[in-house]
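Visitor: Just target-v3.cif, nothing more (mmCIF, C-alpha atoms and all ligand atoms):
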data_start
#
loop_
_atom_site.label_atom_id
_atom_site.label_comp_id
_atom_site.auth_asym_id
_atom_site.auth_seq_id
_atom_site.Cartn_x
_atom_site.Cartn_y
_atom_site.Cartn_z
CA MET A 1 0.00 0.00 0.00
CA SER A 2 1.37 3.50 -0.87
CA ARG A 3 2.09 5.85 2.00
CA SER A 4 0.02 9.04 2.13
CA PRO A 5 2.10 12.04 0.91
CA SER A 6 3.00 14.67 3.50
CA LEU A 7 0.97 17.84 3.44
CA PRO A 8 2.72 21.03 2.16
CA ASP A 9 3.63 23.61 4.79
CA ARG A 10 1.12 26.29 5.47
CA PRO A 11 2.39 29.57 3.79
CA ARG A 12 3.16 32.37 6.25
CA LEU A 13 2.37 36.02 5.77
CA ASP A 14 4.81 38.32 7.59
CA LEU A 15 3.56 41.89 7.57
CA ASP A 16 5.66 44.42 9.46
CA PRO A 17 3.83 47.63 10.60
CA ASP A 18 6.93 49.58 9.52
CA MET A 19 6.59 48.35 5.92
CA SER A 20 5.80 50.77 3.13
CA GLU A 21 2.65 50.37 1.07
CA GLU A 22 4.67 48.90 -1.77
CA GLU A 23 6.50 46.43 0.42
CA ARG A 24 3.18 45.30 1.87
CA LEU A 25 1.65 44.84 -1.57
CA SER A 26 4.62 42.84 -2.73
CA ALA A 27 4.51 40.62 0.40
CA LEU A 28 0.79 40.04 -0.14
CA ARG A 29 1.37 39.13 -3.81
CA GLU A 30 4.09 36.68 -2.79
CA HIS A 31 1.80 35.17 -0.18
CA PHE A 32 -0.98 34.86 -2.73
CA THR A 33 1.37 32.96 -5.04
CA ASP A 34 2.41 30.65 -2.17
CA VAL A 35 -1.21 30.02 -1.18
CA THR A 36 -2.13 29.27 -4.79
CA GLU A 37 0.78 26.84 -5.04
CA VAL A 38 -0.24 25.05 -1.83
CA HIS A 39 -3.82 24.97 -3.04
CA ASP A 40 -2.72 23.35 -6.30
CA LYS A 41 -0.58 20.85 -4.43
CA LEU A 42 -3.44 19.99 -2.06
CA SER A 43 -5.86 19.71 -4.97
CA SER A 44 -3.63 17.26 -6.74
CA GLN A 45 -3.12 15.32 -3.50
CA LEU A 46 -6.88 15.25 -3.00
CA GLU A 47 -7.32 14.00 -6.53
CA ALA A 48 -4.74 11.24 -5.90
CA ALA A 49 -6.53 10.35 -2.66
CA HIS A 50 -9.82 10.11 -4.53
CA GLU A 51 -8.19 7.87 -7.11
CA ARG A 52 -6.75 5.69 -4.34
CA ARG A 53 -10.14 5.57 -2.61
CA ASP A 54 -11.76 4.42 -5.88
CA GLU A 55 -9.04 1.76 -6.30
CA LEU A 56 -9.58 0.49 -2.73
CA LYS A 57 -13.34 0.51 -3.17
CA GLU A 58 -12.91 -1.59 -6.30
CA GLU A 59 -10.71 -4.00 -4.29
CA VAL A 60 -13.36 -4.26 -1.55
CA ASP A 61 -16.09 -4.91 -4.14
CA GLN A 62 -13.95 -7.57 -5.76
CA THR A 63 -13.31 -9.33 -2.41
CA GLU A 64 -16.99 -9.12 -1.54
CA ARG A 65 -17.91 -10.67 -4.91
CA GLU A 66 -15.38 -13.46 -4.35
CA ASN A 67 -16.66 -14.00 -0.82
CA GLU A 68 -20.25 -14.16 -2.05
CA ALA A 69 -19.22 -16.58 -4.80
CA LEU A 70 -17.48 -18.76 -2.21
CA LYS A 71 -20.53 -18.68 0.00
CA THR A 72 -22.95 -19.56 -2.76
CA SER A 73 -20.78 -22.06 -4.61
CA SER A 74 -21.67 -25.69 -4.02
CA LEU A 75 -19.91 -27.44 -1.20
CA TYR A 76 -19.56 -31.19 -0.83
CA ILE A 77 -20.73 -33.14 2.16
CA ALA A 78 -18.16 -35.27 3.95
CA THR A 79 -17.77 -37.06 7.24
CA VAL A 80 -14.80 -36.55 9.52
CA GLU A 81 -13.14 -39.90 10.12
CA GLU A 82 -10.13 -38.89 12.18
CA ILE A 83 -8.90 -35.68 13.64
CA ASP A 84 -5.36 -34.86 14.72
CA GLU A 85 -5.68 -31.74 16.86
CA GLU A 86 -1.93 -31.46 17.31
CA ALA A 87 -1.10 -31.53 13.61
CA GLN A 88 -4.28 -29.63 12.73
CA GLU A 89 -5.20 -32.26 10.20
CA ALA A 90 -8.34 -34.25 9.55
CA VAL A 91 -9.18 -37.27 7.46
CA VAL A 92 -12.52 -36.68 5.75
CA LYS A 93 -14.50 -39.03 3.56
CA GLN A 94 -16.60 -37.43 0.87
CA HIS A 95 -20.12 -38.77 0.56
CA GLY A 96 -21.12 -40.30 -2.74
CA ASN A 97 -17.70 -41.36 -3.99
CA ASN A 98 -16.29 -42.32 -0.57
CA GLN A 99 -13.00 -40.61 -1.40
CA GLU A 100 -10.83 -40.23 1.70
CA VAL A 101 -8.65 -37.15 1.99
CA LEU A 102 -6.21 -35.79 4.53
CA THR A 103 -6.86 -32.09 4.85
CA ASP A 104 -5.47 -29.21 6.90
CA VAL A 105 -7.81 -27.52 9.34
CA SER A 106 -7.49 -24.30 11.29
CA ARG A 107 -6.67 -24.48 14.99
CA ARG A 108 -10.20 -23.36 15.93
CA MET A 109 -11.75 -25.92 13.59
CA SER A 110 -9.45 -28.69 14.82
CA GLU A 111 -10.64 -28.02 18.37
CA GLU A 112 -14.30 -28.07 17.38
CA LEU A 113 -14.25 -31.06 15.04
CA GLN A 114 -14.96 -34.56 16.21
CA ALA A 115 -14.77 -37.86 14.40
CA GLY A 116 -18.20 -38.62 12.96
CA ASP A 117 -19.16 -34.96 12.35
CA ARG A 118 -20.75 -34.17 9.02
CA VAL A 119 -19.03 -31.23 7.36
CA ALA A 120 -19.22 -29.18 4.18
CA VAL A 121 -15.97 -29.11 2.18
CA ASN A 122 -15.03 -27.08 -0.89
CA ASP A 123 -13.30 -28.20 -4.10
CA SER A 124 -9.97 -28.45 -2.34
CA PHE A 125 -11.47 -30.39 0.59
CA SER A 126 -10.99 -27.54 2.99
CA VAL A 127 -13.59 -27.82 5.74
CA GLN A 128 -15.95 -24.83 5.49
CA THR A 129 -18.56 -25.59 8.13
CA ILE A 130 -19.65 -28.26 10.55
CA LEU A 131 -23.23 -29.18 9.78
CA ALA A 132 -25.36 -28.51 12.82
CA SER A 133 -27.22 -31.63 13.84
CA GLU A 134 -30.54 -29.83 14.10
CA THR A 135 -30.35 -28.86 10.43
CA ASP A 136 -29.35 -32.36 9.52
CA ALA A 137 -32.41 -34.47 8.77
CA ARG A 138 -30.13 -37.48 8.70
CA ALA A 139 -29.16 -36.96 12.31
CA GLN A 140 -32.78 -36.48 13.31
CA ALA A 141 -34.07 -39.50 11.44
CA MET A 142 -31.40 -41.87 12.65
CA GLU A 143 -30.34 -42.90 16.10
CA VAL A 144 -26.66 -43.67 16.07
CA ASP A 145 -25.10 -45.43 19.03
CA GLU A 146 -21.44 -46.37 18.92
CA SER A 147 -21.85 -48.88 21.73
CA PRO A 148 -25.35 -49.55 23.00
CA ALA A 149 -25.44 -50.63 26.63
CA VAL A 150 -27.48 -53.81 26.15
CA GLU A 151 -26.06 -57.29 26.64
CA TYR A 152 -27.54 -60.67 25.76
CA ALA A 153 -27.80 -61.33 29.50
CA ASP A 154 -30.23 -58.39 29.80
CA ILE A 155 -32.75 -60.12 27.57
CA GLY A 156 -35.02 -62.63 29.27
CA GLY A 157 -37.28 -65.39 28.06
CA ILE A 158 -36.28 -65.46 24.40
CA ASP A 159 -33.08 -67.52 24.50
CA GLU A 160 -33.88 -69.34 21.28
CA GLN A 161 -34.36 -65.99 19.47
CA VAL A 162 -31.09 -64.70 20.89
CA ARG A 163 -29.37 -67.84 19.57
CA GLU A 164 -30.92 -67.39 16.11
CA VAL A 165 -29.99 -63.71 15.91
CA ARG A 166 -26.42 -64.49 16.95
CA GLU A 167 -26.18 -67.13 14.26
CA ALA A 168 -27.66 -64.93 11.51
CA VAL A 169 -26.13 -61.57 12.45
CA GLU A 170 -23.19 -62.04 14.78
CA GLU A 171 -21.51 -64.97 13.03
CA PRO A 172 -21.22 -63.29 9.59
CA LEU A 173 -19.74 -60.22 11.29
CA ILE A 174 -17.25 -62.07 13.44
CA ASN A 175 -16.44 -65.09 11.30
CA PRO A 176 -17.22 -64.18 7.68
CA GLU A 177 -14.63 -66.74 6.52
CA LYS A 178 -16.80 -69.57 7.86
CA PHE A 179 -19.42 -68.70 5.27
CA ASP A 180 -16.76 -68.28 2.58
CA THR A 181 -15.31 -71.72 3.35
CA VAL A 182 -18.66 -73.43 3.24
CA GLY A 183 -19.56 -71.40 0.16
CA ILE A 184 -22.87 -69.98 1.31
CA ASP A 185 -24.11 -66.45 1.79
CA PRO A 186 -25.32 -65.57 5.27
CA PRO A 187 -28.90 -64.30 5.50
CA SER A 188 -29.06 -60.83 3.96
CA GLY A 189 -31.48 -59.34 6.38
CA VAL A 190 -33.14 -60.55 9.53
CA LEU A 191 -36.75 -59.69 10.26
CA LEU A 192 -37.89 -59.81 13.88
CA TYR A 193 -41.65 -59.93 14.22
CA GLY A 194 -43.91 -60.12 17.23
CA PRO A 195 -45.97 -58.03 19.65
CA PRO A 196 -44.66 -54.69 20.94
CA GLY A 197 -42.28 -54.56 23.86
CA THR A 198 -40.93 -58.10 23.59
CA GLY A 199 -37.28 -57.18 23.15
CA LYS A 200 -36.76 -56.81 19.40
CA THR A 201 -34.91 -53.52 19.71
CA MET A 202 -32.94 -54.92 22.64
CA LEU A 203 -31.86 -57.89 20.51
CA ALA A 204 -30.56 -55.61 17.74
CA LYS A 205 -28.73 -53.40 20.24
CA ALA A 206 -27.22 -56.38 22.02
CA VAL A 207 -25.72 -57.81 18.82
CA ALA A 208 -24.27 -54.40 17.98
CA ASN A 209 -22.77 -54.18 21.45
CA GLU A 210 -21.36 -57.70 21.48
CA THR A 211 -19.82 -57.33 18.00
CA ASP A 212 -18.48 -53.80 18.62
CA ALA A 213 -20.60 -52.56 15.75
CA THR A 214 -22.23 -49.16 15.46
CA PHE A 215 -25.98 -49.37 16.03
CA ILE A 216 -27.92 -47.25 13.53
CA LYS A 217 -31.66 -47.16 13.98
CA MET A 218 -34.28 -45.69 11.69
CA ALA A 219 -38.00 -45.86 12.44
CA GLY A 220 -40.19 -46.59 9.42
CA SER A 221 -43.12 -44.69 10.90
CA GLU A 222 -41.03 -41.52 11.30
CA LEU A 223 -39.86 -41.69 7.70
CA VAL A 224 -43.47 -41.64 6.62
CA ARG A 225 -44.82 -39.10 9.11
CA LYS A 226 -41.98 -36.75 9.90
CA PHE A 227 -39.68 -36.72 6.93
CA ILE A 228 -42.21 -36.50 4.14
CA GLY A 229 -40.53 -36.29 0.76
CA GLU A 230 -37.17 -37.31 2.17
CA GLY A 231 -37.80 -41.02 2.74
CA SER A 232 -35.88 -42.49 -0.16
CA ARG A 233 -32.96 -40.12 0.32
CA LEU A 234 -32.80 -40.99 4.00
CA VAL A 235 -32.81 -44.72 3.22
CA ARG A 236 -29.88 -44.11 0.87
CA ASP A 237 -28.16 -42.06 3.57
CA LEU A 238 -28.82 -44.83 6.09
CA PHE A 239 -26.80 -47.34 4.08
CA GLU A 240 -24.16 -44.73 3.31
CA LEU A 241 -23.78 -43.89 6.99
CA ALA A 242 -23.47 -47.58 7.79
CA SER A 243 -20.65 -47.94 5.27
CA GLU A 244 -18.90 -44.95 6.85
CA ARG A 245 -19.23 -46.49 10.31
CA GLU A 246 -18.73 -50.17 9.63
CA PRO A 247 -18.92 -52.60 11.29
CA ALA A 248 -22.52 -51.53 11.70
CA ILE A 249 -25.94 -52.90 12.48
CA ILE A 250 -28.75 -51.17 10.61
CA PHE A 251 -32.00 -51.51 12.55
CA ILE A 252 -35.20 -50.53 10.76
CA ASP A 253 -37.99 -50.44 13.30
CA GLU A 254 -41.65 -50.56 12.25
CA ILE A 255 -40.71 -51.58 8.75
CA ASP A 256 -44.39 -52.13 7.99
CA ALA A 257 -44.77 -48.32 7.72
CA ILE A 258 -42.70 -48.32 4.53
CA ALA A 259 -43.24 -51.89 3.37
CA ALA A 260 -46.96 -52.57 3.67
CA THR A 261 -49.03 -54.33 1.04
CA ARG A 262 -50.95 -52.01 -1.24
CA THR A 263 -54.35 -53.31 -0.21
CA GLU A 264 -53.97 -53.04 3.54
CA SER A 265 -51.92 -49.95 4.09
CA LYS A 266 -53.74 -46.69 4.55
CA THR A 267 -50.76 -44.88 3.15
CA SER A 268 -49.95 -47.30 0.36
CA GLY A 269 -51.51 -44.98 -2.19
CA ASP A 270 -48.74 -42.61 -1.34
CA ALA A 271 -46.16 -42.71 -4.09
CA GLU A 272 -43.60 -41.39 -1.64
CA VAL A 273 -43.94 -44.46 0.61
CA GLN A 274 -43.57 -46.67 -2.44
CA ARG A 275 -40.45 -44.81 -3.48
CA THR A 276 -38.99 -45.23 0.00
CA MET A 277 -39.64 -48.96 -0.12
CA MET A 278 -38.17 -49.26 -3.64
CA GLN A 279 -35.06 -47.49 -2.41
CA LEU A 280 -34.78 -49.93 0.48
CA LEU A 281 -35.17 -52.90 -1.85
CA SER A 282 -32.57 -51.56 -4.24
CA GLU A 283 -30.12 -50.87 -1.40
CA MET A 284 -30.59 -54.43 -0.19
CA ASP A 285 -30.27 -55.92 -3.67
CA GLY A 286 -27.00 -54.10 -4.25
CA PHE A 287 -25.73 -55.17 -0.90
CA GLU A 288 -22.80 -57.48 -0.24
CA ALA A 289 -24.15 -59.96 2.29
CA ARG A 290 -20.74 -61.04 3.57
CA GLY A 291 -19.35 -57.99 5.15
CA ASN A 292 -19.31 -55.54 7.89
CA ILE A 293 -22.87 -54.31 7.75
CA ARG A 294 -25.84 -56.36 8.88
CA ILE A 295 -29.49 -55.40 8.56
CA ILE A 296 -32.21 -56.14 11.08
CA ALA A 297 -35.81 -54.99 10.73
CA ALA A 298 -38.69 -55.28 13.16
CA THR A 299 -42.44 -55.23 12.87
CA ASN A 300 -45.53 -55.74 14.99
CA ARG A 301 -47.59 -56.22 11.84
CA PHE A 302 -46.12 -59.15 9.98
CA ASP A 303 -49.47 -59.74 8.25
CA MET A 304 -49.29 -56.32 6.59
CA LEU A 305 -45.89 -56.73 5.00
CA ASP A 306 -45.42 -56.63 1.26
CA ARG A 307 -44.01 -60.07 0.46
CA ALA A 308 -41.51 -58.42 -1.91
CA ILE A 309 -39.32 -57.57 1.07
CA LEU A 310 -39.18 -61.21 2.18
CA ARG A 311 -37.64 -62.53 -1.06
CA PRO A 312 -34.25 -64.25 -0.95
CA GLY A 313 -31.48 -61.71 -0.72
CA ARG A 314 -33.70 -59.33 1.22
CA PHE A 315 -35.24 -60.11 4.64
CA ASP A 316 -34.80 -63.82 4.19
CA ARG A 317 -34.45 -64.86 7.82
CA LEU A 318 -37.63 -64.48 9.84
CA ILE A 319 -37.47 -64.71 13.61
CA GLU A 320 -40.63 -64.56 15.66
CA VAL A 321 -40.24 -62.82 19.03
CA PRO A 322 -43.28 -63.86 21.05
CA GLU A 323 -44.60 -62.68 24.38
CA PRO A 324 -42.67 -64.43 27.14
CA ASP A 325 -44.03 -67.60 28.78
CA ALA A 326 -44.15 -67.97 32.59
CA GLU A 327 -40.50 -68.98 32.82
CA GLY A 328 -39.52 -66.07 30.57
CA ARG A 329 -41.57 -63.62 32.63
CA GLU A 330 -39.86 -64.85 35.80
CA ARG A 331 -36.47 -64.25 34.23
CA ILE A 332 -37.49 -60.77 33.04
CA PHE A 333 -38.67 -59.91 36.58
CA GLU A 334 -35.28 -61.03 37.87
CA ILE A 335 -33.46 -58.90 35.29
CA HIS A 336 -35.47 -55.78 35.99
CA THR A 337 -35.19 -56.04 39.76
CA GLU A 338 -31.48 -56.80 39.77
CA GLN A 339 -30.59 -53.32 41.05
CA MET A 340 -33.52 -53.18 43.46
CA ASN A 341 -33.58 -54.09 47.12
CA VAL A 342 -36.35 -56.70 46.93
CA ALA A 343 -37.87 -58.11 50.16
CA ASP A 344 -37.87 -61.85 50.87
CA ASP A 345 -41.65 -62.07 50.59
CA VAL A 346 -41.46 -61.43 46.84
CA THR A 347 -41.54 -64.57 44.69
CA PHE A 348 -40.86 -63.99 41.02
CA ALA A 349 -42.45 -67.31 40.04
CA ASP A 350 -45.75 -66.12 41.60
CA LEU A 351 -45.46 -62.75 39.88
CA ALA A 352 -44.84 -64.56 36.59
CA GLU A 353 -48.05 -66.57 37.11
CA GLU A 354 -50.02 -63.41 37.71
CA THR A 355 -48.70 -61.64 34.62
CA ALA A 356 -49.75 -64.02 31.86
CA GLY A 357 -49.91 -62.06 28.58
CA TYR A 358 -47.56 -59.31 29.76
CA SER A 359 -44.74 -58.27 27.47
CA GLY A 360 -41.18 -57.66 28.65
CA ALA A 361 -41.82 -53.91 28.49
CA GLU A 362 -44.91 -54.28 30.69
CA ILE A 363 -42.98 -56.35 33.22
CA ALA A 364 -40.29 -53.64 33.26
CA SER A 365 -42.98 -51.07 34.14
CA VAL A 366 -44.40 -53.30 36.90
CA ALA A 367 -40.92 -53.37 38.48
CA THR A 368 -40.53 -49.59 38.17
CA GLU A 369 -44.02 -48.91 39.57
CA ALA A 370 -43.37 -51.25 42.51
CA GLY A 371 -40.20 -49.26 43.25
CA MET A 372 -42.23 -46.03 43.11
CA PHE A 373 -44.73 -47.38 45.68
CA ALA A 374 -41.84 -48.21 48.02
CA ILE A 375 -40.41 -44.70 47.60
CA ARG A 376 -43.81 -43.12 48.27
CA ASP A 377 -43.95 -45.15 51.47
CA GLY A 378 -40.50 -43.89 52.48
CA ARG A 379 -38.85 -47.30 52.09
CA THR A 380 -35.82 -48.47 50.12
CA GLU A 381 -36.94 -52.10 50.28
CA VAL A 382 -39.52 -53.18 47.71
CA ARG A 383 -42.12 -55.59 49.12
CA LYS A 384 -44.75 -57.94 47.77
CA THR A 385 -47.48 -55.38 48.51
CA ASP A 386 -45.69 -52.88 46.25
CA PHE A 387 -45.75 -55.37 43.38
CA VAL A 388 -49.42 -56.11 44.02
CA GLU A 389 -50.26 -52.39 43.95
CA ALA A 390 -48.10 -51.93 40.83
CA LEU A 391 -50.01 -54.71 39.07
CA GLU A 392 -53.34 -53.18 40.07
CA LYS A 393 -52.22 -49.76 38.83
CA ILE A 394 -51.02 -51.07 35.50
CA GLU A 395 -54.18 -53.09 34.98
CA ALA A 396 -56.28 -50.04 35.86
CA ASP A 397 -54.26 -47.88 33.44
CA ASP A 398 -54.92 -50.51 30.83
CA GLY A 399 -58.65 -49.86 30.92
CA GLY A 400 -60.08 -51.21 34.18
CA GLU A 401 -59.82 -54.90 33.59
CA PHE A 402 -56.59 -56.27 32.27
CA VAL A 403 -57.16 -58.88 29.67
CA PRO A 404 -53.87 -60.42 28.64
CA SER A 405 -52.77 -58.98 25.32
CA ALA A 406 -55.98 -56.95 25.12
CA GLY A 407 -53.96 -54.02 23.92
CA HIS A 408 -52.45 -56.15 21.22
CA ALA A 409 -55.71 -57.44 19.76
CA THR A 410 -54.80 -56.00 16.40
CA TYR A 411 -51.57 -57.92 16.02
CA HIS A 412 -51.94 -60.85 13.64
CA TYR A 413 -49.31 -63.32 12.60
N1 LIG A 501 -37.23 -60.00 26.71
C1 LIG A 501 -37.00 -58.95 27.48
N2 LIG A 501 -36.13 -59.05 28.51
C2 LIG A 501 -35.90 -57.98 29.31
N3 LIG A 501 -36.47 -56.78 29.15
C3 LIG A 501 -37.34 -56.63 28.13
C4 LIG A 501 -37.62 -57.70 27.24
N4 LIG A 501 -38.51 -57.26 26.33
C5 LIG A 501 -38.75 -55.97 26.60
N5 LIG A 501 -38.04 -55.56 27.69
C6 LIG A 501 -38.08 -54.22 28.30
O1 LIG A 501 -38.93 -53.42 27.51
C7 LIG A 501 -38.24 -52.35 26.90
C8 LIG A 501 -38.69 -52.20 25.46
O2 LIG A 501 -38.28 -53.34 24.73
P1 LIG A 501 -37.92 -53.27 23.18
O3 LIG A 501 -37.85 -51.82 22.75
O4 LIG A 501 -36.76 -54.11 22.90
O5 LIG A 501 -39.21 -53.90 22.57
P2 LIG A 501 -39.61 -54.03 21.04
O6 LIG A 501 -40.00 -55.45 20.84
O7 LIG A 501 -38.57 -53.49 20.17
O8 LIG A 501 -40.90 -53.13 21.06
P3 LIG A 501 -41.59 -52.30 19.87
O9 LIG A 501 -42.13 -53.29 18.93
O10 LIG A 501 -42.67 -51.56 20.64
O11 LIG A 501 -40.53 -51.41 19.31
C9 LIG A 501 -36.79 -52.70 27.02
O12 LIG A 501 -35.99 -51.55 27.11
C10 LIG A 501 -36.74 -53.53 28.30
O13 LIG A 501 -36.69 -52.69 29.43
#
Could you write out this file's structure as structure tokens?

Guide:
Amino acid sequence: MSRSPSLPDRPRLDLDPDMSEEERLSALREHFTDVTEVHDKLSSQLEAAHERRDELKEEVDQTERENEALKTSSLYIATVEEIDEEAQEAVVKQHGNNQEVLTDVSRRMSEELQAGDRVAVNDSFSVQTILASETDARAQAMEVDESPAVEYADIGGIDEQVREVREAVEEPLINPEKFDTVGIDPPSGVLLYGPPGTGKTMLAKAVANETDATFIKMAGSELVRKFIGEGSRLVRDLFELASEREPAIIFIDEIDAIAATRTESKTSGDAEVQRTMMQLLSEMDGFEARGNIRIIAATNRFDMLDRAILRPGRFDRLIEVPEPDAEGRERIFEIHTEQMNVADDVTFADLAEETAGYSGAEIASVATEAGMFAIRDGRTEVRKTDFVEALEKIEADDGGEFVPSAGHATYHY
């Protein structure tokens, strides 16, 4: 930048009272000449300053245009895989082509970034912004849990289903070579069906936990109700996210909401729902069964499902998760009271007898309610009377007279 020129000295007029008229006139003329000279100099300096101002203004406009262009130009979406705060570097994987790039990040950005963040990158992969999760439909539509806190031991009464899920989901993740050696493909997708609250979600979370896989859940009903118009894109994103986070378990809950038969579904006329289902089918068809991503779906409405999703290569392993029998209910009571101080007068076998038709979720609420009655009574020990009151409360909440499975009358298999 050029330095501003120094201003010319102010001309001085020295008039002596002893001067003659002529001398005065001459001094004034001289002063006039000096003033005119300074004026000319200042004028030309002013003109130069104006020129400089115009130049700078042009520079500002140019920068603003570039800035605007940068802001409005398309950015690519990527996921941060690793971040090295020390070296101010990040490994990002661009969505779509899965290209992985090591890129420099500013100190501020390196402090803010975390592995797994979705970011916008420009042509040269420089991270421009971290996408806020609230503006990210993907984050809202999917529940991502790196290590869900459910173990097989937390699931009661469905040991056979646990065994089947382990065989169909865990084995291909842990020992894919077994399938290679025998020369068969493991089941592509596993469909868990049965009444609500019987442990289907727990099963999916437990396999993710035990195989150190990321658990990614998407609820079919939400896709249809909440993310109207985005269903098929979100299904695509779901599989993309799983490939970014593998090993991963994709869990699609309430799959009937997007995969119902045309005749029975109220929403089946909706082309959007159809598109979402087609996207799911095409993702599954293009899917490598032996690998680090496994798919589990769940439904309470098996009867409503479009058979297209049950074809080989899609959800080709069906596992029924029923309501627990007496022995199962006893085990579930034990599991849900493990952390409670239960009095000696409580017999889980008796409670199991009295709760025929209860789901695991309902037994969990009986245990919680019983604990609440003890607290209300100022006790830390939970007694038989608390369980009796809890049962009465839950039956009353259920409409006065509790008929086993009354709430599930609409579930057909
Ligand atoms: N078999 C079970 N053993 C222990 N707890 C259970 C079992 N089944 C259900 N529960 C309890 O009920 C809660 C809900 O269960 P879960 O979400 O797995 O049911 P779900 O079958 O997926 O239900 P929905 O069909 O309504 O989604 C669990 O968090 C757990 O506390």

Visitor: Pick the closest to Arg233 (chain A) from A:Val119, A:Ala87, A:Val105, A:Leu280: which is it, counting only C-alpha atoms?

Guide: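 Among A:Val119, A:Ala87, A:Val105, A:Leu280, it is A:Leu280 that comes nearest to Arg233 (chain A).
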
Visitor: How close does each residue of chain A get to ligand LIG 501 (chain A), giving the shortest atom pair and distance in Å to one decimal for every residue with an atom at most 9 Å away, counting all atoms listed in the file, sorted by chain and residue number, as a Markdown table?

Guide:
| residue | atom | partner | partner_atom | distance |
| --- | --- | --- | --- | --- |
| A:Val150 | CA | A:LIG501 | O12 | 8.9 |
| A:Ala153 | CA | A:LIG501 | N2 | 8.7 |
| A:Asp154 | CA | A:LIG501 | C2 | 5.7 |
| A:Ile155 | CA | A:LIG501 | N2 | 3.7 |
| A:Gly156 | CA | A:LIG501 | N2 | 3.8 |
| A:Gly157 | CA | A:LIG501 | N1 | 5.6 |
| A:Ile158 | CA | A:LIG501 | N1 | 6.0 |
| A:Asp159 | CA | A:LIG501 | N1 | 8.9 |
| A:Leu192 | CA | A:LIG501 | O6 | 8.5 |
| A:Tyr193 | CA | A:LIG501 | O9 | 8.2 |
| A:Gly194 | CA | A:LIG501 | O6 | 7.1 |
| A:Pro195 | CA | A:LIG501 | O9 | 6.1 |
| A:Pro196 | CA | A:LIG501 | O9 | 3.5 |
| A:Gly197 | CA | A:LIG501 | O5 | 3.4 |
| A:Thr198 | CA | A:LIG501 | N4 | 3.8 |
| A:Gly199 | CA | A:LIG501 | O4 | 3.1 |
| A:Lys200 | CA | A:LIG501 | O6 | 3.8 |
| A:Thr201 | CA | A:LIG501 | O7 | 3.7 |
| A:Met202 | CA | A:LIG501 | O4 | 3.9 |
| A:Leu203 | CA | A:LIG501 | O4 | 6.6 |
| A:Ala204 | CA | A:LIG501 | O4 | 8.2 |
| A:Lys205 | CA | A:LIG501 | O4 | 8.5 |
| A:Asp253 | CA | A:LIG501 | O11 | 6.6 |
| A:Glu254 | CA | A:LIG501 | O11 | 7.2 |
| A:Ala298 | CA | A:LIG501 | O9 | 7.0 |
| A:Thr299 | CA | A:LIG501 | O9 | 6.4 |
| A:Asn300 | CA | A:LIG501 | O9 | 5.8 |
| A:Val321 | CA | A:LIG501 | O6 | 7.6 |
| A:Glu323 | CA | A:LIG501 | N1 | 8.2 |
| A:Pro324 | CA | A:LIG501 | N1 | 7.0 |
| A:Gly328 | CA | A:LIG501 | N1 | 7.5 |
| A:Arg329 | CA | A:LIG501 | N1 | 8.2 |
| A:Arg331 | CA | A:LIG501 | N2 | 7.7 |
| A:Ile332 | CA | A:LIG501 | C2 | 4.9 |
| A:Phe333 | CA | A:LIG501 | C2 | 8.0 |
| A:Ile335 | CA | A:LIG501 | C2 | 6.5 |
| A:His336 | CA | A:LIG501 | N3 | 7.0 |
| A:Ser359 | CA | A:LIG501 | N4 | 6.4 |
| A:Gly360 | CA | A:LIG501 | N4 | 3.6 |
| A:Ala361 | CA | A:LIG501 | O1 | 3.1 |
| A:Glu362 | CA | A:LIG501 | O1 | 6.8 |
| A:Ile363 | CA | A:LIG501 | C6 | 7.3 |
| A:Ala364 | CA | A:LIG501 | O13 | 5.3 |
| A:Ser365 | CA | A:LIG501 | O13 | 8.0 |

Visitor: Report the distance between CA of Asp377 (chain A) and CA of Ala352 (chain A) in Å, rounded to one decimal place.

Guide: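 Interatomic distance here is 24.5 Å.
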
Visitor: Quick one: everything within 10 Å of His39 (chain A), counting only C-alpha atoms, minus sequence neighbours fewer than 6 positions away in the same chain. Send it as a PDB file with C-alpha atoms, in the frame of the given file.

Guide:
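Saved result, part33.pdb, follows:
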ATOM      1  CA  PRO A   8       2.720  21.030   2.160  1.00  0.00           C
ATOM      2  CA  ARG A  10       1.120  26.290   5.470  1.00  0.00           C
ATOM      3  CA  THR A  33       1.370  32.960  -5.040  1.00  0.00           C
ATOM      4  CA  GLN A  45      -3.120  15.320  -3.500  1.00  0.00           C
TER       5      GLN A  45
END

Visitor: What gap, in Å, lies between CA of Leu7 (chain A) and CA of Leu25 (chain A)?

Guide: 27.5 Å

Visitor: Box in all listed atoms of region 103-107 of chain A, axis-aligned, with 6 Å more on each side; write out centre and edge lengths in Å to one decimal as lines of an AutoDock Vina configuration file.

Guide:
center_x = -6.6
center_y = -28.2
center_z = 9.9
size_x = 14.3
size_y = 19.8
size_z = 22.1

Visitor: Distance CA of Thr368 (chain A)-CA of Asp345 (chain A), one decimal place?

Guide: 17.6 Å

Visitor: Taking (-19.5, -42.5, 7.4) as a centre in this file's frame and 12 Å as the limit, can you find every polymer residue with an atom that close, using all atoms listed in the file, and give them as a PyMOL selection string?

Guide: chain A and resi 77-82+91-100+115-119+138+144+214+216+237-248

Visitor: Which one is closest to Asp325 (chain A): A:Ala356, A:Ile309, A:Ala141, A:Val366? Count only C-alpha atoms.

Guide: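 Looking at the shortest contact to Asp325 (chain A), the residue is A:Ala356.
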
Visitor: Pick out the closest residue to Pro148 (chain A) from this set: A:Glu210, A:Glu167, A:Asp14, A:Glu22. Count only C-alpha atoms.

Guide: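 Using only C-alpha atoms, Pro148 (chain A) sits closest to A:Glu210.
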